[in-house]
$ cat entry_15.cif   # mmCIF, C-alpha atoms
data_input
loop_
_atom_site.group_PDB
_atom_site.id
_atom_site.type_symbol
_atom_site.label_atom_id
_atom_site.label_comp_id
_atom_site.auth_asym_id
_atom_site.auth_seq_id
_atom_site.Cartn_x
_atom_site.Cartn_y
_atom_site.Cartn_z
ATOM 1 C CA MET A 2 -28.590 95.179 -24.226
ATOM 2 C CA SER A 3 -25.506 95.411 -22.042
ATOM 3 C CA ASP A 4 -22.162 96.936 -22.660
ATOM 4 C CA GLN A 5 -20.566 93.602 -22.987
ATOM 5 C CA ASP A 6 -22.947 92.701 -25.805
ATOM 6 C CA GLU A 7 -22.055 95.801 -27.617
ATOM 7 C CA ARG A 8 -19.850 95.321 -30.597
ATOM 8 C CA PRO A 9 -16.450 96.698 -30.703
ATOM 9 C CA GLU A 10 -17.212 98.687 -33.800
ATOM 10 C CA ASN A 11 -20.052 100.490 -32.131
ATOM 11 C CA ARG A 12 -18.019 101.128 -29.045
ATOM 12 C CA LEU A 13 -15.249 102.582 -31.120
ATOM 13 C CA ARG A 14 -17.601 104.718 -33.070
ATOM 14 C CA ARG A 15 -19.145 106.082 -29.907
ATOM 15 C CA GLU A 16 -15.790 106.970 -28.394
ATOM 16 C CA LEU A 17 -14.487 108.826 -31.410
ATOM 17 C CA PRO A 18 -15.577 112.434 -31.647
ATOM 18 C CA ASP A 19 -17.646 113.674 -34.500
ATOM 19 C CA GLU A 20 -15.040 115.964 -35.831
ATOM 20 C CA VAL A 21 -12.770 113.121 -36.803
ATOM 21 C CA PRO A 22 -12.651 112.971 -40.582
ATOM 22 C CA ALA A 23 -14.100 110.120 -42.378
ATOM 23 C CA SER A 24 -10.754 109.052 -43.660
ATOM 24 C CA GLU A 25 -9.525 108.559 -40.147
ATOM 25 C CA ARG A 26 -12.701 106.815 -39.156
ATOM 26 C CA GLU A 27 -12.230 104.476 -41.981
ATOM 27 C CA SER A 28 -8.719 103.783 -40.834
ATOM 28 C CA THR A 29 -9.966 102.572 -37.580
ATOM 29 C CA ALA A 30 -12.051 100.013 -39.190
ATOM 30 C CA PRO A 31 -10.367 96.844 -40.228
ATOM 31 C CA SER A 32 -9.432 97.095 -43.835
ATOM 32 C CA GLU A 33 -6.789 95.932 -46.170
ATOM 33 C CA PRO A 34 -3.259 97.057 -45.573
ATOM 34 C CA ARG A 35 -2.167 100.093 -47.543
ATOM 35 C CA PRO A 36 0.919 99.995 -49.624
ATOM 36 C CA GLU A 37 3.943 101.566 -47.922
ATOM 37 C CA PRO A 38 5.204 104.812 -49.477
ATOM 38 C CA GLN A 39 8.468 104.597 -51.399
ATOM 39 C CA ARG A 40 11.454 105.753 -49.485
ATOM 40 C CA ASP A 41 13.980 108.204 -50.909
ATOM 41 C CA THR A 42 16.991 106.081 -51.805
ATOM 42 C CA ALA A 43 19.213 109.098 -52.611
ATOM 43 C CA PRO A 44 22.235 109.328 -50.301
ATOM 44 C CA LYS A 45 22.010 111.988 -47.730
ATOM 45 C CA ALA A 46 24.971 114.002 -46.360
ATOM 46 C CA ALA A 47 26.268 112.696 -43.098
ATOM 47 C CA PRO A 48 26.005 115.144 -40.254
ATOM 48 C CA LEU A 49 29.288 116.800 -39.185
ATOM 49 C CA PRO A 50 30.763 115.227 -36.073
ATOM 50 C CA GLU A 51 30.873 117.381 -33.057
ATOM 51 C CA PRO A 52 34.401 118.412 -31.887
ATOM 52 C CA GLU A 53 35.602 116.078 -29.278
ATOM 53 C CA SER A 54 37.008 117.705 -26.187
ATOM 54 C CA VAL A 55 40.443 116.618 -24.998
ATOM 55 C CA PRO A 56 39.962 114.536 -21.943
ATOM 56 C CA GLU A 57 41.691 115.946 -18.935
ATOM 57 C CA PRO A 58 44.044 113.611 -17.142
ATOM 58 C CA ALA A 59 42.246 111.972 -14.349
ATOM 59 C CA PRO A 60 43.811 112.534 -10.960
ATOM 60 C CA ALA A 61 45.548 109.548 -9.587
ATOM 61 C CA SER A 62 43.661 107.835 -6.892
ATOM 62 C CA GLU A 63 45.156 106.152 -3.913
ATOM 63 C CA ASP A 64 43.642 102.825 -4.865
ATOM 64 C CA HIS A 65 44.798 102.849 -8.488
ATOM 65 C CA PRO A 66 47.921 105.120 -8.915
ATOM 66 C CA GLU A 67 48.681 103.569 -12.268
ATOM 67 C CA ALA A 68 45.466 104.770 -13.743
ATOM 68 C CA ALA A 69 46.757 108.403 -14.251
ATOM 69 C CA GLU A 70 49.728 109.076 -16.523
ATOM 70 C CA PRO A 71 52.463 111.312 -14.900
ATOM 71 C CA VAL A 72 53.094 114.635 -16.630
ATOM 72 C CA PRO A 73 56.876 115.086 -17.429
ATOM 73 C CA THR A 74 58.535 117.964 -15.575
ATOM 74 C CA GLY A 75 60.860 120.604 -17.086
ATOM 75 C CA ARG A 76 63.941 118.874 -15.704
ATOM 76 C CA GLN A 77 62.864 115.584 -17.285
ATOM 77 C CA ARG A 78 62.270 117.256 -20.638
ATOM 78 C CA LEU A 79 65.704 118.953 -20.387
ATOM 79 C CA ALA A 80 67.363 115.643 -19.553
ATOM 80 C CA ALA A 81 65.570 113.976 -22.449
ATOM 81 C CA GLY A 82 66.837 116.731 -24.747
ATOM 82 C CA LEU A 83 70.409 116.489 -23.525
ATOM 83 C CA TRP A 84 70.780 112.722 -23.476
ATOM 84 C CA PRO A 85 72.202 111.080 -25.404
ATOM 85 C CA PRO A 86 74.790 113.894 -25.773
ATOM 86 C CA ARG A 87 75.883 115.143 -29.140
ATOM 87 C CA LEU A 88 79.060 117.120 -28.448
ATOM 88 C CA THR A 89 81.422 118.677 -30.920
ATOM 89 C CA ARG A 90 85.159 118.848 -30.341
ATOM 90 C CA ALA A 91 85.034 122.464 -29.214
ATOM 91 C CA GLN A 92 82.211 121.732 -26.790
ATOM 92 C CA PHE A 93 84.170 118.778 -25.412
ATOM 93 C CA ILE A 94 87.244 120.957 -24.799
ATOM 94 C CA VAL A 95 85.114 123.630 -23.115
ATOM 95 C CA ALA A 96 83.538 120.964 -20.949
ATOM 96 C CA LEU A 97 86.972 119.703 -19.872
ATOM 97 C CA LEU A 98 88.100 123.239 -19.015
ATOM 98 C CA LEU A 99 84.957 123.872 -17.009
ATOM 99 C CA PHE A 100 85.435 120.574 -15.219
ATOM 100 C CA GLY A 101 89.013 121.472 -14.302
ATOM 101 C CA LEU A 102 87.950 124.914 -13.085
ATOM 102 C CA GLY A 103 85.158 123.459 -11.030
ATOM 103 C CA PHE A 104 87.481 120.864 -9.528
ATOM 104 C CA GLY A 105 89.995 123.540 -8.511
ATOM 105 C CA LEU A 106 87.278 125.668 -6.951
ATOM 106 C CA ALA A 107 85.937 122.654 -5.113
ATOM 107 C CA VAL A 108 89.372 121.854 -3.680
ATOM 108 C CA GLN A 109 89.887 125.466 -2.579
ATOM 109 C CA VAL A 110 86.453 125.652 -1.026
ATOM 110 C CA ALA A 111 87.093 122.353 0.739
ATOM 111 C CA SER A 112 90.399 123.590 2.182
ATOM 112 C CA ASN A 113 88.788 126.831 3.298
ATOM 113 C CA SER A 114 85.851 124.989 4.742
ATOM 114 C CA ASP A 115 88.186 122.786 6.793
ATOM 115 C CA SER A 116 89.816 125.799 8.430
ATOM 116 C CA ASP A 117 86.447 127.519 8.793
ATOM 117 C CA SER A 118 84.947 124.425 10.356
ATOM 118 C CA ALA A 119 87.848 124.260 12.803
ATOM 119 C CA LEU A 120 87.205 127.863 13.789
ATOM 120 C CA ARG A 121 83.474 127.291 14.002
ATOM 121 C CA GLY A 122 84.009 124.499 16.460
ATOM 122 C CA ALA A 123 86.319 126.575 18.669
ATOM 123 C CA ARG A 124 85.157 128.137 21.860
ATOM 124 C CA GLN A 125 84.913 131.861 22.403
ATOM 125 C CA GLU A 126 87.950 131.847 24.684
ATOM 126 C CA ASP A 127 89.985 130.069 21.992
ATOM 127 C CA LEU A 128 88.891 132.553 19.336
ATOM 128 C CA VAL A 129 89.884 135.467 21.578
ATOM 129 C CA ARG A 130 93.272 133.858 22.202
ATOM 130 C CA ILE A 131 93.809 133.291 18.455
ATOM 131 C CA LEU A 132 92.949 136.917 17.724
ATOM 132 C CA ASP A 133 95.356 138.104 20.403
ATOM 133 C CA GLU A 134 98.128 135.930 18.981
ATOM 134 C CA LEU A 135 97.465 137.265 15.496
ATOM 135 C CA ASP A 136 97.569 140.857 16.772
ATOM 136 C CA ASP A 137 100.835 140.216 18.605
ATOM 137 C CA ARG A 138 102.368 138.569 15.558
ATOM 138 C CA THR A 139 101.251 141.439 13.341
ATOM 139 C CA GLN A 140 102.760 143.951 15.761
ATOM 140 C CA ARG A 141 106.048 142.016 15.901
ATOM 141 C CA LEU A 142 106.218 141.868 12.124
ATOM 142 C CA GLU A 143 105.486 145.586 11.886
ATOM 143 C CA ASP A 144 108.224 146.386 14.412
ATOM 144 C CA GLU A 145 110.653 144.145 12.557
ATOM 145 C CA LYS A 146 109.765 145.825 9.297
ATOM 146 C CA GLN A 147 110.366 149.280 10.768
ATOM 147 C CA GLY A 148 113.668 148.139 12.250
ATOM 148 C CA LEU A 149 114.835 146.718 8.926
ATOM 149 C CA GLU A 150 113.834 149.879 7.099
ATOM 150 C CA LYS A 151 115.728 152.000 9.649
ATOM 151 C CA GLN A 152 118.753 149.748 9.352
ATOM 152 C CA ARG A 153 118.621 150.018 5.578
ATOM 153 C CA GLU A 154 118.481 153.809 5.776
ATOM 154 C CA GLU A 155 121.383 153.836 8.207
ATOM 155 C CA LEU A 156 123.401 151.568 5.958
ATOM 156 C CA GLN A 157 122.678 153.719 2.950
ATOM 157 C CA SER A 158 123.473 156.888 4.869
ATOM 158 C CA SER A 159 126.608 155.402 6.371
ATOM 159 C CA SER A 160 127.762 154.084 3.028
ATOM 160 C CA ASP A 161 127.147 157.472 1.451
ATOM 161 C CA GLN A 162 128.866 159.228 4.319
ATOM 162 C CA ALA A 163 131.734 156.767 4.224
ATOM 163 C CA ALA A 164 132.172 157.271 0.497
ATOM 164 C CA GLU A 165 132.068 161.035 0.905
ATOM 165 C CA ALA A 166 134.460 160.844 3.846
ATOM 166 C CA ARG A 167 136.862 158.702 1.848
ATOM 167 C CA LYS A 168 136.662 161.154 -1.012
ATOM 168 C CA GLN A 169 137.285 164.139 1.232
ATOM 169 C CA THR A 170 140.078 162.293 3.002
ATOM 170 C CA ALA A 171 141.781 161.522 -0.287
ATOM 171 C CA GLU A 172 141.499 165.148 -1.351
ATOM 172 C CA LYS A 173 142.765 166.353 2.011
ATOM 173 C CA GLU A 174 145.615 163.892 1.869
ATOM 174 C CA LYS A 175 146.651 165.249 -1.503
ATOM 175 C CA GLN A 176 146.485 168.816 -0.265
ATOM 176 C CA LEU A 177 148.455 168.050 2.865
ATOM 177 C CA GLY A 178 150.857 165.946 0.853
ATOM 178 C CA ILE A 179 151.514 168.875 -1.477
ATOM 179 C CA LEU A 180 152.131 171.187 1.457
ATOM 180 C CA ALA A 181 154.256 168.604 3.247
ATOM 181 C CA GLY A 182 156.186 167.789 0.109
ATOM 182 C CA THR A 183 155.296 164.087 0.132
ATOM 183 C CA VAL A 184 153.202 164.271 -3.062
ATOM 184 C CA ALA A 185 154.277 165.534 -6.481
ATOM 185 C CA ALA A 186 152.382 168.510 -7.827
ATOM 186 C CA GLN A 187 151.843 170.229 -11.138
ATOM 187 C CA GLY A 188 150.048 173.330 -12.303
ATOM 188 C CA PRO A 189 150.552 176.850 -13.614
ATOM 189 C CA GLY A 190 153.319 178.953 -12.161
ATOM 190 C CA ILE A 191 156.669 180.559 -12.804
ATOM 191 C CA THR A 192 160.305 179.589 -13.085
ATOM 192 C CA VAL A 193 162.830 181.936 -11.410
ATOM 193 C CA THR A 194 166.523 181.614 -12.266
ATOM 194 C CA VAL A 195 169.181 183.464 -10.206
ATOM 195 C CA ASP A 196 172.615 183.468 -11.829
ATOM 196 C CA ASP A 197 175.306 184.278 -9.235
ATOM 197 C CA ALA A 198 178.551 184.457 -11.201
ATOM 198 C CA LYS A 199 180.515 186.154 -8.410
ATOM 199 C CA GLY A 200 179.068 184.057 -5.538
ATOM 200 C CA THR A 201 177.676 187.011 -3.669
ATOM 201 C CA VAL A 202 174.207 185.549 -3.118
ATOM 202 C CA GLU A 203 173.743 184.301 0.428
ATOM 203 C CA SER A 204 171.188 182.003 2.062
ATOM 204 C CA ASP A 205 169.202 184.818 3.659
ATOM 205 C CA MET A 206 168.586 186.321 0.222
ATOM 206 C CA LEU A 207 167.251 183.013 -1.056
ATOM 207 C CA LEU A 208 165.094 182.668 2.076
ATOM 208 C CA ASP A 209 163.639 186.162 1.466
ATOM 209 C CA ALA A 210 162.740 185.085 -2.066
ATOM 210 C CA ILE A 211 160.980 181.954 -0.716
ATOM 211 C CA GLN A 212 159.042 183.996 1.854
ATOM 212 C CA GLU A 213 157.975 186.517 -0.802
ATOM 213 C CA LEU A 214 156.723 183.713 -3.079
ATOM 214 C CA ARG A 215 154.753 182.111 -0.242
ATOM 215 C CA ALA A 216 153.186 185.437 0.612
ATOM 216 C CA ALA A 217 152.136 185.821 -3.044
ATOM 217 C CA GLY A 218 150.317 182.470 -2.989
ATOM 218 C CA ALA A 219 152.910 179.880 -3.946
ATOM 219 C CA GLU A 220 151.620 176.354 -3.172
ATOM 220 C CA ALA A 221 154.634 174.255 -4.062
ATOM 221 C CA ILE A 222 158.289 175.340 -4.350
ATOM 222 C CA GLU A 223 161.311 173.442 -5.455
ATOM 223 C CA ILE A 224 164.863 174.851 -5.558
ATOM 224 C CA ASN A 225 167.613 172.947 -7.354
ATOM 225 C CA GLY A 226 165.892 169.593 -6.776
ATOM 226 C CA VAL A 227 165.097 170.155 -3.103
ATOM 227 C CA ARG A 228 161.480 170.416 -2.019
ATOM 228 C CA VAL A 229 160.744 173.461 0.097
ATOM 229 C CA VAL A 230 158.347 172.770 2.970
ATOM 230 C CA ALA A 231 157.203 174.528 6.124
ATOM 231 C CA ASN A 232 160.233 173.526 8.185
ATOM 232 C CA THR A 233 162.791 174.148 5.448
ATOM 233 C CA TYR A 234 165.902 175.997 6.550
ATOM 234 C CA LEU A 235 168.829 177.455 4.536
ATOM 235 C CA THR A 236 172.415 177.873 5.661
ATOM 236 C CA ASP A 237 175.660 179.182 4.172
ATOM 237 C CA SER A 238 178.461 176.734 3.582
ATOM 238 C CA GLY A 239 181.486 178.709 2.350
ATOM 239 C CA LYS A 240 180.576 180.072 -1.017
ATOM 240 C CA THR A 241 177.674 177.677 -1.358
ATOM 241 C CA VAL A 242 174.207 177.430 0.197
ATOM 242 C CA SER A 243 172.641 174.419 1.896
ATOM 243 C CA VAL A 244 168.890 173.739 1.872
ATOM 244 C CA ASP A 245 167.827 171.373 4.674
ATOM 245 C CA GLY A 246 171.424 170.135 4.744
ATOM 246 C CA ASN A 247 171.596 169.648 0.980
ATOM 247 C CA LYS A 248 174.270 171.788 -0.741
ATOM 248 C CA ILE A 249 173.139 173.578 -3.882
ATOM 249 C CA ASP A 250 175.226 175.549 -6.358
ATOM 250 C CA ALA A 251 174.455 178.542 -8.586
ATOM 251 C CA PRO A 252 172.595 179.158 -10.708
ATOM 252 C CA TYR A 253 169.672 178.835 -8.300
ATOM 253 C CA ARG A 254 166.547 177.662 -10.078
ATOM 254 C CA PHE A 255 163.141 178.070 -8.409
ATOM 255 C CA LYS A 256 160.133 176.099 -9.679
ATOM 256 C CA VAL A 257 157.003 177.628 -8.178
ATOM 257 C CA ILE A 258 153.342 176.557 -8.618
ATOM 258 C CA GLY A 259 150.782 179.292 -8.128
ATOM 259 C CA LYS A 260 149.037 182.073 -9.953
ATOM 260 C CA PRO A 261 151.594 183.621 -12.302
ATOM 261 C CA GLN A 262 149.795 186.997 -12.323
ATOM 262 C CA ASP A 263 150.412 187.269 -8.553
ATOM 263 C CA LEU A 264 153.835 185.637 -8.269
ATOM 264 C CA GLU A 265 155.766 187.631 -10.833
ATOM 265 C CA PRO A 266 154.701 191.104 -9.647
ATOM 266 C CA ALA A 267 155.541 190.106 -6.068
ATOM 267 C CA LEU A 268 159.154 189.577 -7.095
ATOM 268 C CA ASN A 269 159.396 192.797 -9.110
ATOM 269 C CA ILE A 270 158.067 195.251 -6.551
ATOM 270 C CA PRO A 271 160.387 198.188 -5.766
ATOM 271 C CA GLY A 272 162.961 197.155 -3.215
ATOM 272 C CA GLY A 273 161.902 193.548 -3.620
ATOM 273 C CA VAL A 274 163.683 190.294 -4.430
ATOM 274 C CA VAL A 275 164.792 191.131 -7.953
ATOM 275 C CA GLN A 276 166.358 194.463 -6.992
ATOM 276 C CA THR A 277 168.099 192.836 -4.028
ATOM 277 C CA PHE A 278 169.734 190.227 -6.247
ATOM 278 C CA GLU A 279 170.686 192.829 -8.804
ATOM 279 C CA LYS A 280 172.422 194.886 -6.121
ATOM 280 C CA GLU A 281 174.651 191.860 -5.492
ATOM 281 C CA GLN A 282 175.460 191.768 -9.223
ATOM 282 C CA ALA A 283 173.302 188.682 -9.799
ATOM 283 C CA THR A 284 170.934 188.401 -12.710
ATOM 284 C CA VAL A 285 167.311 187.273 -12.262
ATOM 285 C CA SER A 286 164.965 185.953 -14.955
ATOM 286 C CA VAL A 287 161.277 185.092 -14.483
ATOM 287 C CA GLU A 288 159.291 182.918 -16.916
ATOM 288 C CA ARG A 289 155.585 182.154 -16.763
ATOM 289 C CA SER A 290 154.262 178.714 -17.675
ATOM 290 C CA ASN A 291 150.885 176.951 -17.726
ATOM 291 C CA LYS A 292 152.443 173.750 -16.458
ATOM 292 C CA ILE A 293 155.098 173.598 -13.768
ATOM 293 C CA VAL A 294 155.988 170.161 -12.391
ATOM 294 C CA VAL A 295 157.322 169.951 -8.844
ATOM 295 C CA ASP A 296 158.317 166.321 -8.389
ATOM 296 C CA ALA A 297 160.957 166.574 -5.654
ATOM 297 C CA LEU A 298 159.625 164.719 -2.612
ATOM 298 C CA ARG A 299 160.309 164.742 1.095
ATOM 299 C CA GLN A 300 160.000 161.751 3.355
ATOM 300 C CA ALA A 301 157.214 162.068 5.879
ATOM 301 C CA LYS A 302 158.679 162.226 9.357
ATOM 302 C CA GLN A 303 156.912 160.331 12.071
ATOM 303 C CA PRO A 304 156.473 162.549 15.128
ATOM 304 C CA ASP A 305 157.986 161.255 18.304
ATOM 305 C CA TYR A 306 155.519 162.688 20.793
ATOM 306 C CA ALA A 307 152.599 164.265 18.969
ATOM 307 C CA ARG A 308 149.524 162.061 18.400
ATOM 308 C CA SER A 309 146.189 162.686 16.750
ATOM 309 C CA SER A 310 143.525 163.906 19.144
ATOM 310 C CA SER A 311 140.603 162.629 17.021
ATOM 311 C CA ARG A 312 138.962 159.379 18.134
#

$ encode --input "entry_15.cif" --output "structure tokens"
Amino acid sequence: MSDQDERPENRLRRELPDEVPASERESTAPSEPRPEPQRDTAPKAAPLPEPESVPEPAPASEDHPEAAEPVPTGRQRLAAGLWPPRLTRAQFIVALLLFGLGFGLAVQVASNSDSDSALRGARQEDLVRILDELDDRTQRLEDEKQGLEKQREELQSSSDQAAEARKQTAEKEKQLGILAGTVAAQGPGITVTVDDAKGTVESDMLLDAIQELRAAGAEAIEINGVRVVANTYLTDSGKTVSVDGNKIDAPYRFKVIGKPQDLEPALNIPGGVVQTFEKEQATVSVERSNKIVVDALRQAKQPDYARSSSR
């Protein structure tokens, strides 16, 4: 018998090992189909889905640039947040002020940049020349300033000196006018009255009285309405006396400005004026006063030859 004549059952039985259980051997043999086991119809819990990973944006390729979405930048996000604008009234006013300030700064910067650009384009020789001109102009202005300050000081000094000179001149004029008899004077002094009933008083006696008063410090003297000055002279005219050509009659009244404490004792010294008048049987009275007015004036005489030596 050949292998081809062998039955399939025998061939299968020969190939199976001996250890195979009988139940399995029986399954190999053709038999009736077994009933399928009942499936569990109870619902089972669905398995949890795995977390999906966020897909990273694919880099844009040169062939297909539209395939990758562009990521917005910070400036784009800021612009998207600011537009459309939602401004309040206060913010609008602040924006206008900032705009005005920025415009002013821009104009100033532009003007400065124009001058700077002109200097930038200049040559070195031109820049040196401009610097020299600026130095010369600065020096001229400084010299002019110093000259004006000096002139101002001179004007102030001269004005002060002129005012002081005018003041001193006015005071000197008054003093010289009092001595020359061209200005009225007043002040403390004495009044001397000489009563000559018998007419025995002569001009030399009156002149001695004037000289004694001057020596005692008399500054202004008037006798019977005639101002006594440095060139005053007295003469006898019969039984009368003339002062600078003006006749005066007794009683002789002296108005003297000076210190009374010095004038009165000078007249009363032993052998002095008072005793001389009394020897001639004339009476003398002396009165002190805090205010003596000497208002008799003399006309100022213009010298014929003398001139002032001051220039």

$ atom_distance --input "entry_15.cif" --atom1 "atom CA of Thr233 of chain A" --atom2 "atom CA of Leu207 of chain A"
11.9 Å

$ closest_residue --input "entry_15.cif" --among "A:Gln276, A:Gln262, A:Ser310, A:Thr183" --to "Arg228 of chain A" --atoms "all atoms listed in the file"
A:Thr183

$ axis_aligned_box --input "entry_15.cif" --around "segment 245-252 of chain A" --padding-each-side "5 Å" --output "JSON"
{"center_x": 171.5, "center_y": 174.4, "center_z": -3.0, "size_x": 17.4, "size_y": 19.5, "size_z": 25.5}

$ resolve_selection --input "entry_15.cif" --expression "the PyMOL selection byres ((chain A and resi 219) around 10)" --output "ChimeraX atom specification"
/A:190-191,211-218,220-222,256-261,263-264

$ resolve_selection --input "entry_15.cif" --expression "the PyMOL selection byres ((chain A and resi 166-181) around 12)" --output "PyMOL selection string"
chain A and resi 158-165+182-188+215+219-223+228-233+258+294-302

$ resolve_selection --input "entry_15.cif" --expression "the PyMOL selection byres ((chain A and resi 238) around 12)" --output "PyMOL selection string"
chain A and resi 200+202-204+235-237+239-250

$ atom_distance --input "entry_15.cif" --atom1 "atom CA of Ala80 of chain A" --atom2 "atom CA of Leu99 of chain A"
19.6 Å
